[in-house]
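Content type mmCIF, C-alpha atoms, from the file structure-v1.cif:
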data_structure
loop_
_atom_site.label_atom_id
_atom_site.label_comp_id
_atom_site.auth_asym_id
_atom_site.auth_seq_id
_atom_site.Cartn_x
_atom_site.Cartn_y
_atom_site.Cartn_z
CA MET G 1 35.09 -98.02 -61.17
CA ASN G 2 36.66 -95.37 -63.38
CA ARG G 3 35.13 -92.61 -61.28
CA LEU G 4 36.48 -94.20 -58.13
CA PHE G 5 39.96 -94.41 -59.68
CA VAL G 6 39.84 -90.75 -60.72
CA ALA G 7 38.67 -89.70 -57.26
CA VAL G 8 41.48 -91.62 -55.57
CA ALA G 9 44.04 -90.16 -58.00
CA VAL G 10 42.86 -86.61 -57.36
CA PHE G 11 42.88 -87.20 -53.59
CA ALA G 12 46.41 -88.59 -53.76
CA THR G 13 47.56 -85.60 -55.81
CA VAL G 14 46.11 -83.16 -53.29
CA ILE G 15 47.68 -85.01 -50.35
CA MET G 16 51.08 -85.43 -52.00
CA SER G 17 51.36 -82.00 -53.61
CA PRO G 18 52.90 -80.27 -50.53
CA LEU G 19 55.59 -82.95 -50.50
CA VAL G 20 56.28 -82.54 -54.18
CA ALA G 21 56.31 -78.75 -53.87
CA ALA G 22 58.79 -78.73 -50.97
CA LYS G 23 62.02 -77.07 -52.10
CA THR G 24 65.54 -77.70 -50.99
CA TYR G 25 67.51 -74.47 -50.98
CA VAL G 26 71.13 -74.76 -52.04
CA ALA G 27 73.54 -72.79 -49.88
CA GLY G 28 76.89 -71.98 -51.45
CA ILE G 29 79.55 -72.05 -48.76
CA GLU G 30 83.22 -71.10 -48.90
CA PRO G 31 84.63 -73.36 -46.17
CA SER G 32 88.09 -71.86 -45.81
CA PHE G 33 87.21 -68.84 -43.71
CA PRO G 34 87.16 -69.79 -40.01
CA PRO G 35 85.50 -68.94 -37.70
CA TRP G 36 82.76 -68.14 -40.22
CA ALA G 37 82.93 -71.27 -42.35
CA SER G 38 85.21 -74.30 -42.47
CA VAL G 39 85.20 -78.09 -42.63
CA GLN G 40 85.77 -80.51 -39.75
CA ASN G 41 85.58 -84.25 -40.31
CA GLY G 42 83.68 -83.72 -43.55
CA HIS G 43 81.08 -81.50 -41.85
CA TYR G 44 80.57 -77.78 -42.53
CA VAL G 45 81.02 -75.81 -39.33
CA GLY G 46 81.35 -72.17 -38.35
CA ILE G 47 79.18 -69.25 -37.39
CA ALA G 48 77.53 -68.93 -40.80
CA PRO G 49 76.51 -72.57 -41.48
CA ASP G 50 75.49 -73.16 -37.85
CA ALA G 51 73.33 -70.04 -37.95
CA VAL G 52 71.76 -71.04 -41.28
CA ARG G 53 70.86 -74.46 -39.85
CA ALA G 54 69.22 -72.73 -36.89
CA ILE G 55 67.36 -70.34 -39.21
CA ALA G 56 66.21 -73.24 -41.40
CA LYS G 57 64.83 -75.03 -38.34
CA ALA G 58 63.04 -71.90 -37.13
CA GLU G 59 61.53 -71.18 -40.56
CA GLY G 60 60.83 -74.75 -41.69
CA LEU G 61 63.30 -74.59 -44.58
CA ASP G 62 65.29 -77.44 -46.14
CA VAL G 63 68.85 -76.35 -46.87
CA LYS G 64 71.83 -78.25 -48.27
CA PHE G 65 75.38 -76.89 -48.49
CA VAL G 66 77.62 -76.94 -51.55
CA SER G 67 81.31 -76.01 -51.29
CA MET G 68 82.50 -73.29 -53.66
CA SER G 69 85.41 -70.89 -54.02
CA PHE G 70 84.72 -67.36 -52.83
CA PRO G 71 85.00 -65.71 -56.30
CA SER G 72 82.43 -68.14 -57.72
CA LEU G 73 79.72 -67.51 -55.11
CA ILE G 74 78.07 -64.39 -56.58
CA PRO G 75 78.17 -65.66 -60.21
CA ALA G 76 76.65 -68.96 -59.05
CA LEU G 77 73.91 -67.14 -57.15
CA LYS G 78 73.05 -64.94 -60.13
CA ALA G 79 72.97 -67.99 -62.43
CA GLY G 80 70.56 -69.83 -60.14
CA LYS G 81 73.02 -72.59 -59.25
CA ILE G 82 72.71 -71.72 -55.56
CA ASP G 83 70.03 -69.90 -53.55
CA ILE G 84 71.97 -68.50 -50.60
CA ILE G 85 75.54 -67.34 -50.03
CA VAL G 86 76.77 -68.56 -46.64
CA THR G 87 80.11 -67.28 -45.35
CA GLY G 88 81.55 -64.11 -43.83
CA LEU G 89 80.16 -61.99 -46.68
CA SER G 90 80.81 -58.25 -46.52
CA VAL G 91 77.97 -55.93 -47.44
CA THR G 92 78.99 -53.46 -50.17
CA ALA G 93 77.02 -51.11 -52.40
CA LYS G 94 78.78 -52.57 -55.45
CA ARG G 95 77.75 -56.14 -54.66
CA ALA G 96 74.25 -54.94 -53.80
CA GLN G 97 73.76 -54.06 -57.46
CA GLN G 98 73.90 -57.79 -58.22
CA ILE G 99 72.50 -59.51 -55.11
CA ASP G 100 70.13 -58.86 -52.22
CA TYR G 101 71.48 -58.98 -48.68
CA THR G 102 69.75 -60.19 -45.56
CA ILE G 103 69.84 -57.87 -42.60
CA PRO G 104 73.44 -57.68 -41.35
CA TRP G 105 74.36 -59.70 -38.28
CA TRP G 106 77.98 -58.71 -37.68
CA GLU G 107 80.46 -55.86 -38.03
CA THR G 108 84.15 -56.43 -38.60
CA LYS G 109 87.51 -54.79 -39.16
CA LEU G 110 90.68 -55.81 -41.00
CA ASP G 111 93.79 -57.24 -39.40
CA VAL G 112 97.32 -56.87 -40.73
CA LEU G 113 99.21 -60.09 -40.01
CA VAL G 114 103.00 -60.48 -40.15
CA LYS G 115 105.55 -63.07 -39.07
CA LYS G 116 106.16 -62.99 -35.35
CA ASP G 117 109.92 -62.56 -35.63
CA SER G 118 109.67 -59.64 -38.08
CA SER G 119 110.04 -55.98 -37.14
CA TYR G 120 107.04 -54.85 -39.20
CA ASN G 121 104.21 -52.74 -37.86
CA ALA G 122 100.94 -52.01 -39.66
CA VAL G 123 102.52 -49.16 -41.65
CA THR G 124 105.88 -50.65 -42.61
CA ALA G 125 104.29 -53.98 -43.54
CA LEU G 126 102.14 -52.23 -46.15
CA CYS G 127 104.77 -50.29 -48.04
CA CYS G 128 108.28 -50.32 -49.37
CA GLY G 129 107.96 -53.24 -51.78
CA SER G 130 106.22 -55.65 -49.42
CA ASN G 131 104.45 -58.70 -50.81
CA VAL G 132 100.95 -58.52 -49.35
CA GLY G 133 98.31 -61.24 -49.67
CA ALA G 134 94.52 -61.18 -49.56
CA GLN G 135 91.67 -63.27 -50.87
CA THR G 136 90.67 -62.55 -54.45
CA GLY G 137 87.29 -60.86 -54.79
CA SER G 138 87.26 -59.90 -51.13
CA THR G 139 86.86 -56.46 -49.60
CA GLU G 140 90.37 -56.93 -48.17
CA TYR G 141 91.87 -57.26 -51.64
CA GLU G 142 89.74 -54.36 -52.85
CA TRP G 143 91.07 -52.26 -49.96
CA LEU G 144 94.66 -53.08 -50.94
CA GLN G 145 94.00 -51.95 -54.50
CA ASP G 146 91.97 -48.82 -53.72
CA SER G 147 93.77 -47.57 -50.62
CA LEU G 148 97.36 -48.49 -51.47
CA VAL G 149 98.13 -49.56 -55.04
CA LYS G 150 96.02 -46.93 -56.79
CA LYS G 151 97.46 -44.26 -54.52
CA GLY G 152 101.02 -45.13 -55.45
CA VAL G 153 102.07 -47.08 -52.37
CA HIS G 154 104.83 -49.48 -53.37
CA ILE G 155 103.55 -52.97 -52.57
CA THR G 156 103.02 -56.11 -54.61
CA PRO G 157 99.52 -57.47 -53.95
CA HIS G 158 98.95 -61.21 -54.25
CA ALA G 159 95.43 -62.60 -54.73
CA TYR G 160 94.52 -66.00 -53.28
CA ALA G 161 91.50 -68.16 -53.98
CA GLU G 162 91.42 -69.10 -50.29
CA ASP G 163 92.23 -66.88 -47.36
CA THR G 164 93.87 -69.76 -45.51
CA THR G 165 96.41 -70.23 -48.34
CA ALA G 166 97.52 -66.61 -48.02
CA LEU G 167 97.95 -67.10 -44.28
CA GLN G 168 100.06 -70.21 -44.85
CA ASP G 169 102.26 -68.33 -47.35
CA LEU G 170 102.78 -65.64 -44.73
CA LYS G 171 103.81 -68.27 -42.23
CA ILE G 172 106.48 -69.74 -44.51
CA GLY G 173 107.81 -66.33 -45.58
CA ARG G 174 106.47 -65.90 -49.11
CA LEU G 175 104.59 -62.80 -47.97
CA GLN G 176 105.54 -59.95 -45.68
CA ALA G 177 101.93 -59.37 -44.66
CA THR G 178 98.35 -60.49 -45.20
CA ILE G 179 95.12 -58.57 -44.80
CA THR G 180 92.19 -60.55 -43.47
CA ASP G 181 88.96 -60.26 -41.51
CA GLY G 182 89.63 -59.53 -37.86
CA ASP G 183 87.92 -62.67 -36.55
CA THR G 184 89.76 -64.90 -39.02
CA GLY G 185 93.04 -63.17 -38.25
CA ARG G 186 92.70 -63.65 -34.51
CA ALA G 187 91.70 -67.30 -34.94
CA PHE G 188 94.77 -67.94 -37.12
CA VAL G 189 97.11 -66.18 -34.70
CA ASN G 190 95.69 -68.16 -31.78
CA ARG G 191 96.51 -71.39 -33.63
CA ASN G 192 99.94 -70.15 -34.78
CA SER G 193 101.06 -67.84 -31.98
CA ASP G 194 104.62 -69.11 -32.25
CA SER G 195 105.03 -67.82 -35.81
CA VAL G 196 102.45 -65.10 -36.61
CA ARG G 197 101.23 -61.93 -34.93
CA ILE G 198 98.80 -59.08 -35.57
CA ALA G 199 100.75 -55.97 -36.55
CA GLY G 200 97.75 -53.66 -36.55
CA GLU G 201 94.07 -53.18 -37.26
CA ILE G 202 92.21 -51.25 -39.97
CA TYR G 203 88.78 -49.89 -39.12
CA HIS G 204 86.17 -48.89 -41.68
CA TYR G 205 83.77 -46.02 -41.31
CA PRO G 206 80.94 -46.71 -41.79
CA PRO G 207 81.48 -50.19 -40.32
CA GLU G 208 81.92 -53.18 -42.60
CA ALA G 209 78.98 -55.49 -42.01
CA TYR G 210 78.43 -59.19 -42.74
CA ALA G 211 75.22 -60.79 -44.02
CA LEU G 212 73.83 -63.66 -46.07
CA ALA G 213 72.75 -63.04 -49.67
CA VAL G 214 70.07 -64.22 -52.12
CA ARG G 215 69.16 -63.45 -55.71
CA LYS G 216 67.57 -60.14 -56.56
CA GLY G 217 63.81 -59.86 -56.19
CA ASN G 218 63.21 -61.99 -53.05
CA PRO G 219 62.49 -65.25 -54.96
CA ASP G 220 60.05 -67.59 -53.10
CA GLY G 221 60.01 -65.03 -50.29
CA LEU G 222 63.40 -66.42 -49.25
CA LEU G 223 64.82 -63.07 -48.17
CA THR G 224 61.77 -62.54 -45.95
CA LYS G 225 62.18 -65.97 -44.33
CA LEU G 226 65.89 -65.54 -43.75
CA ASN G 227 65.43 -62.11 -42.17
CA GLU G 228 62.68 -63.47 -39.92
CA GLY G 229 64.88 -66.40 -38.97
CA ILE G 230 67.89 -64.19 -38.20
CA LEU G 231 65.78 -62.13 -35.81
CA LYS G 232 64.32 -65.25 -34.19
CA ILE G 233 67.70 -66.79 -33.38
CA TYR G 234 69.01 -63.39 -32.24
CA HIS G 235 66.14 -62.77 -29.82
CA SER G 236 66.25 -66.37 -28.52
CA ASP G 237 69.97 -66.03 -27.74
CA GLU G 238 70.75 -68.96 -30.06
CA TRP G 239 72.81 -66.54 -32.15
CA ALA G 240 74.91 -65.59 -29.11
CA HIS G 241 75.44 -69.28 -28.35
CA ILE G 242 76.64 -69.94 -31.91
CA VAL G 243 78.99 -66.94 -31.95
CA HIS G 244 80.51 -67.79 -28.57
CA LYS G 245 81.09 -71.37 -29.68
CA TYR G 246 83.58 -70.05 -32.25
CA ILE G 247 84.60 -66.68 -30.74
CA PRO G 248 84.46 -67.07 -26.95
CA GLY G 249 83.69 -63.85 -25.15
CA ALA G 250 82.82 -61.86 -28.29
CA ALA G 251 80.50 -58.90 -27.80
CA ILE G 252 77.11 -59.54 -29.42
CA ILE G 253 76.06 -56.42 -31.29
CA PRO G 254 72.40 -55.61 -31.91
CA ILE G 255 70.79 -57.09 -35.02
CA PRO G 256 70.24 -55.56 -37.50
CA ALA G 257 73.79 -54.22 -37.46
CA TYR G 258 74.76 -51.15 -39.51
CA MET G 259 72.63 -50.90 -42.67
CA SER G 260 73.84 -48.65 -45.49
CA ASP G 261 71.20 -46.66 -47.36
CA LYS G 262 73.11 -47.56 -50.54
CA VAL G 263 71.91 -51.17 -50.26
CA PRO G 264 68.44 -51.56 -51.87
CA SER G 265 67.36 -54.49 -49.66
CA TYR G 266 67.79 -52.20 -46.62
CA HIS G 267 65.25 -49.69 -47.87
CA LYS G 268 62.02 -49.78 -45.87
CA PRO G 269 59.91 -51.82 -45.75
CA ILE G 270 62.61 -54.44 -45.23
CA PRO G 271 61.29 -57.95 -45.99
CA GLY G 272 60.66 -59.86 -42.76
CA VAL G 273 61.43 -56.90 -40.51
CA THR G 274 58.82 -54.85 -38.67
CA GLU G 275 59.24 -51.72 -36.59
CA SER G 276 58.77 -53.86 -33.43
CA ASN G 277 61.84 -55.96 -34.35
#

Rewrite the structure from the file as structure tokens, please.
Amino acid sequence: MNRLFVAVAVFATVIMSPLVAAKTYVAGIEPSFPPWASVQNGHYVGIAPDAVRAIAKAEGLDVKFVSMSFPSLIPALKAGKIDIIVTGLSVTAKRAQQIDYTIPWWETKLDVLVKKDSSYNAVTALCCGSNVGAQTGSTEYEWLQDSLVKKGVHITPHAYAEDTTALQDLKIGRLQATITDGDTGRAFVNRNSDSVRIAGEIYHYPPEAYALAVRKGNPDGLLTKLNEGILKIYHSDEWAHIVHKYIPGAAIIPIPAYMSDKVPSYHKPIPGVTESN
């Protein structure tokens, strides 16, 4: 009787162990950055969360989303509170010292937004005492500091926890200009064409790329799975479908997009990427 009980217990443990071992990955999302990430009717939508759901399905992953402010995403990832950063996350060599990036899936530029009835252009909006807003911790805010403030250009930069708040302050006249991601800028102008316009565009060289991010060291092979999943949805055209849902008519660039040799996770061999990809 005891032997039978032990045998049944062992059998049950073997059968149930895959279920017990299954992990739910926590995706930190900053849902105030349309078209990349936002909330509609209590549901996270946008290019990034939709793509992560598609990747999870392709790779057999269980993912849940947790809303966070943009400045808290990297600290939360490093502390193990989340497993993936999901938003329009720029790839930079500085950030790559702290996190590992997936292969990049997008390239972007910066837009300078001003009030529609103003006389500003991209130059005059970013000088001469202008109040200029950008999201704190973002590459846009970093660009303001490095390219303007530190070089003696007379502006007053304003940092915002959420990009959408800066855009609203522009709309009501608290700011003369905002700097934001080109896709976000165009989406905001399309919704507010009676009050806001794009004064100009700022292009980076090399291009500024977007990607997901995980903790250093490819824990649980997650970086490998995400890279494989990104390539699967790209080659199946599901990626194009997701992008066009939020940015109709957008050109779909090849994936991987531009990969800087200053980013360690882009050094060959890249997890989940083969020469045939």

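Across the structure, CA of Ile242 in chain G and CA of Ala51 in chain G are spaced 6.9 Å apart.
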
### Query
Smallest atom-to-atom distance to Asn192 in chain G: which of G:Val114, G:Lys262, G:Lys78, G:Trp239, using only C-alpha atoms?
G:Val114

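Counting all atoms listed in the file and comparing G:Ala54, G:Ser90, G:Tyr141, G:Lys150, the residue that lies closest to Ala240 in chain G is G:Ala54.
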
### Task
Determine the residue set returned by the PyMOL selection byres ((chain G and resi 60) around 12) for the present structure, and present it as a ChimeraX atom specification.
/G:22-25,52-59,61-63,222,225-226,228-229

#### Entry: Residues within 9 Å of Gly217 in chain G, all atoms listed in the file, excluding chain neighbours under 5 positions, as an MDAnalysis selection string
chainID G and resid 99:100 223

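Nearest residue to Ala93 in chain G, choosing from G:Leu231, G:Ala161, G:Ile247, G:Ala209 and counting all atoms listed in the file: G:Ala209.
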
### Task
For the file shown, report as a PyMOL selection string the outcome of the PyMOL selection byres ((chain G and resi 76) around 12) at residue level.
chain G and resi 26-29+66-75+77-85+98-99+213-215

### Task
Have a look at G:His43, G:Pro254, G:Trp105, G:Trp36 and name the one nearest to Val86 in chain G; count only C-alpha atoms.
G:Trp36

### Query
Which residue, G:Ala187, G:Ala159, G:Val149, G:Leu144, has the smallest gap to Phe33 in chain G when you use all atoms listed in the file?
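The answer is G:Ala187, which sits nearest to Phe33 in chain G.
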
### Task
Mind listing whatever residues come within 9 Å of the point (69.0, -51.1, -47.9)? Use all atoms listed in the file, file coordinates, and give them as a ChimeraX atom specification.
/G:96,100-101,103,259-268,270

### Query
Quick one: of G:Leu212, G:Lys171, G:Val91, G:Gln40, who's nearest to Ile230 in chain G, counting only C-alpha atoms?
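Going through G:Leu212, G:Lys171, G:Val91, G:Gln40 one by one, the smallest distance to Ile230 in chain G is for G:Leu212.
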
### Task
For the file shown, report as a ChimeraX atom specification the outcome of the PyMOL selection byres ((chain G and resi 253) around 9) at residue level.
/G:105-107,251-252,254-257

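Atom pair CA of Asn218 in chain G / CA of Pro269 in chain G has a distance of 12.9 Å (rounded to one decimal).
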
### Message
Can you measure CA of Ser236 in chain G to CA of Pro271 in chain G for me? One decimal in Å is fine.
### Response
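These two atoms are separated by 20.0 Å.
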
Could the centre and edge lengths of an axis-aligned box, enclosing all atoms of range 169-185 of chain G in the file with 6 Å extra on each side, be given in Å to one decimal as AutoDock Vina command-line options?
--center_x 97.9 --center_y -64.2 --center_z -42.8 --size_x 31.9 --size_y 23.2 --size_z 24.6

### Message
Applying 12 Å and only C-alpha atoms, which residues near Val112 in chain G remain after dropping the ones on its own chain fewer than 6 positions away? List them as a PyMOL selection string.
### Response
chain G and resi 120-126+132-134+140+144+167+170+175-186+188-189+196-203
